[in-house]
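Visitor: Quick one: the structure is below, and I'll ask about it shortly.
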Amino acid sequence: MTVQTWEPPRRPPAESRVDVDVDEAVEFLRLYYKENPDAGSAAHRIAWVRAEIQLTGTYHHTSEELTFGARVAWRNSARCIGRLYWRSMRVRDLRAVREPAEVAAQCFEHLRIAYNGGRIRPVITVFAPDAPGRPGPRIWNDQLIRYAGYRRPDGTALGDPRYVGFTESVMRRGWRGAGTAFDMLPLVVSADGTTHLTDLPFDAAAEVPLSHPDHDWFLGLGLRWHAVPAISSMRLSIGGIDYPAAPFNGWYMGTEIGARNLADADRYDVLPIVATKLGLDTSSDRTLWRDAAVIEVNRAVLHSFEQAGVTISDHHTESARFLKHVAKEEKAGRACPADWSWIVPPISGALTPVYHRYYDTDHLKPEFVADDDSVRTAVEGVPPRAAALGTPSYSPMWSYLRKGQLNGSQAS
């Protein structure tokens, strides 16, 4: 397939720009210098940033400020249970990168680095920020790896029903999958009037086939899941500057896959077939057949990742780690915001220690933000409103291989 390019439209006039909030910038800098006393006095840096914003409408973080801000945004993520290791996140400063094809290539390198031979490590890759009159690049996908959903004539879906709209959108733009239940969607990136679709290289898209420690038939279900949960549509906001493309990852907690992605009725909905294979009585909800089936699916997920040598955590271990994180934050004199409905695991909640307490609900910055526009783009495949987008180009897998980019030549 021939790759096409289009000329970008004229950029918005300078008078349409939205300047950075000076107070938010100052608040962040004070936090940075408070937690990094060896950096010196904040006064000179604050004066510099005030002047820079007055002249240009924005300012530039130092590499140290960016690294600190990204890690603290993870520390402040109220819906994340895995924040104990927030200081260990590797920050890839790629703010000079904004061309869509190069953004995609660096996202794939992100996946390779994060996978780390199965020993998953937390990584964030930060691309060009929004600037007055020039929005930064946008990644349409809500995770770097997601599975397609194909609408059937009877209204059901093959694959992941959540992404039927996104799948139909990229198909209208020239993408074609193999038509299986686990076709990886292309990565879609927009910037400066260009939208680019790229298939994931094989070496950047590690998956784990799912088997069960006790039931040989489970492998025959053909289930699998990808190894690295890299969130890619949330906006990283640090000191008034927005980085709309900043994919980041930790590692999976088993219930995310076994009790949600595979089990939810509006996702892969595997519990009925698993219950049938187990010989469970599905005639009534009172038999608790769903409860029994979801435990076996979660056992399969944990078993399979362990057998494959890929990092994963169970909900009991991760709950204990989270309370350790809360205790450390309290000892440091910091609030630890947490959304109870997300922190408590989706199975056996009352059996975990995170269930039996309340949490701070303060809204803290820096932060990761999932706005309505990014969610709509990730689910429906509609262009993000924040960027001027041209007609998309598409690089199929053979084109990617031809460019010699599969062997990691795009590493930073």
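The way I read the labels, and the way they are meant: chains A, B, ... in the order of the structure tokens, residue 1 as the first residue of every chain, and ligand 1 as the first ligand shown, with later ones counted on from there.
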Would you pick out the contacts of Arg95 (chain A) at 9 Å or less, using only C-alpha atoms, so that residues sharing its chain but fewer than 3 positions from it are not included, and give the list as a count of residues only?
Guide: 8
Visitor: For Thr67 (chain A), list every protein, DNA or RNA residue within 8 Å, evaluated using only C-alpha atoms, and leave out those in the same chain fewer than 4 positions away; present the list as a ChimeraX atom specification.
Guide: /A:63,71,91
Visitor: Excluding region 375-387 of chain A and any residue of its chain fewer than 6 positions from it, enumerate the residues within 7 Å of it, using only C-alpha atoms, and give them as a ChimeraX atom specification.
Guide: /A:135,140-142,162-163,165-166,169,191
Visitor: So how far away is CA of Ala227 (chain A) from CA of Ile139 (chain A), in Å?
Guide: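 That distance, rounded to one decimal, is 19.8 Å.
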Visitor: Do you have the CA of Ala292 (chain A)-CA of Ile347 (chain A) distance handy?
Guide: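 Going from CA of Ala292 (chain A) over to CA of Ile347 (chain A), I get 10.9 Å.
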Visitor: Kindly give the distance, in Å, that separates CA of Ala131 (chain A) and CA of Gly193 (chain A), rounded to a single decimal.
Guide: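 Result for CA of Ala131 (chain A) versus CA of Gly193 (chain A): 15.2 Å, one decimal.
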Visitor: Just checking: using only C-alpha atoms, which residue out of A:Leu66, A:Leu364, A:Leu187, A:Val301 ends up closest to Ile124 (chain A)?
Guide: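 Closest residue, counting only C-alpha atoms: A:Leu66.
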Visitor: If you run DSSP on this backbone, which residues of region 6-251 of chain A come out as alpha helix (DSSP H), and could you give them as an MDAnalysis selection string?
Guide: chainID A and resid 22:35 42:56 63:75 100:115 164:172
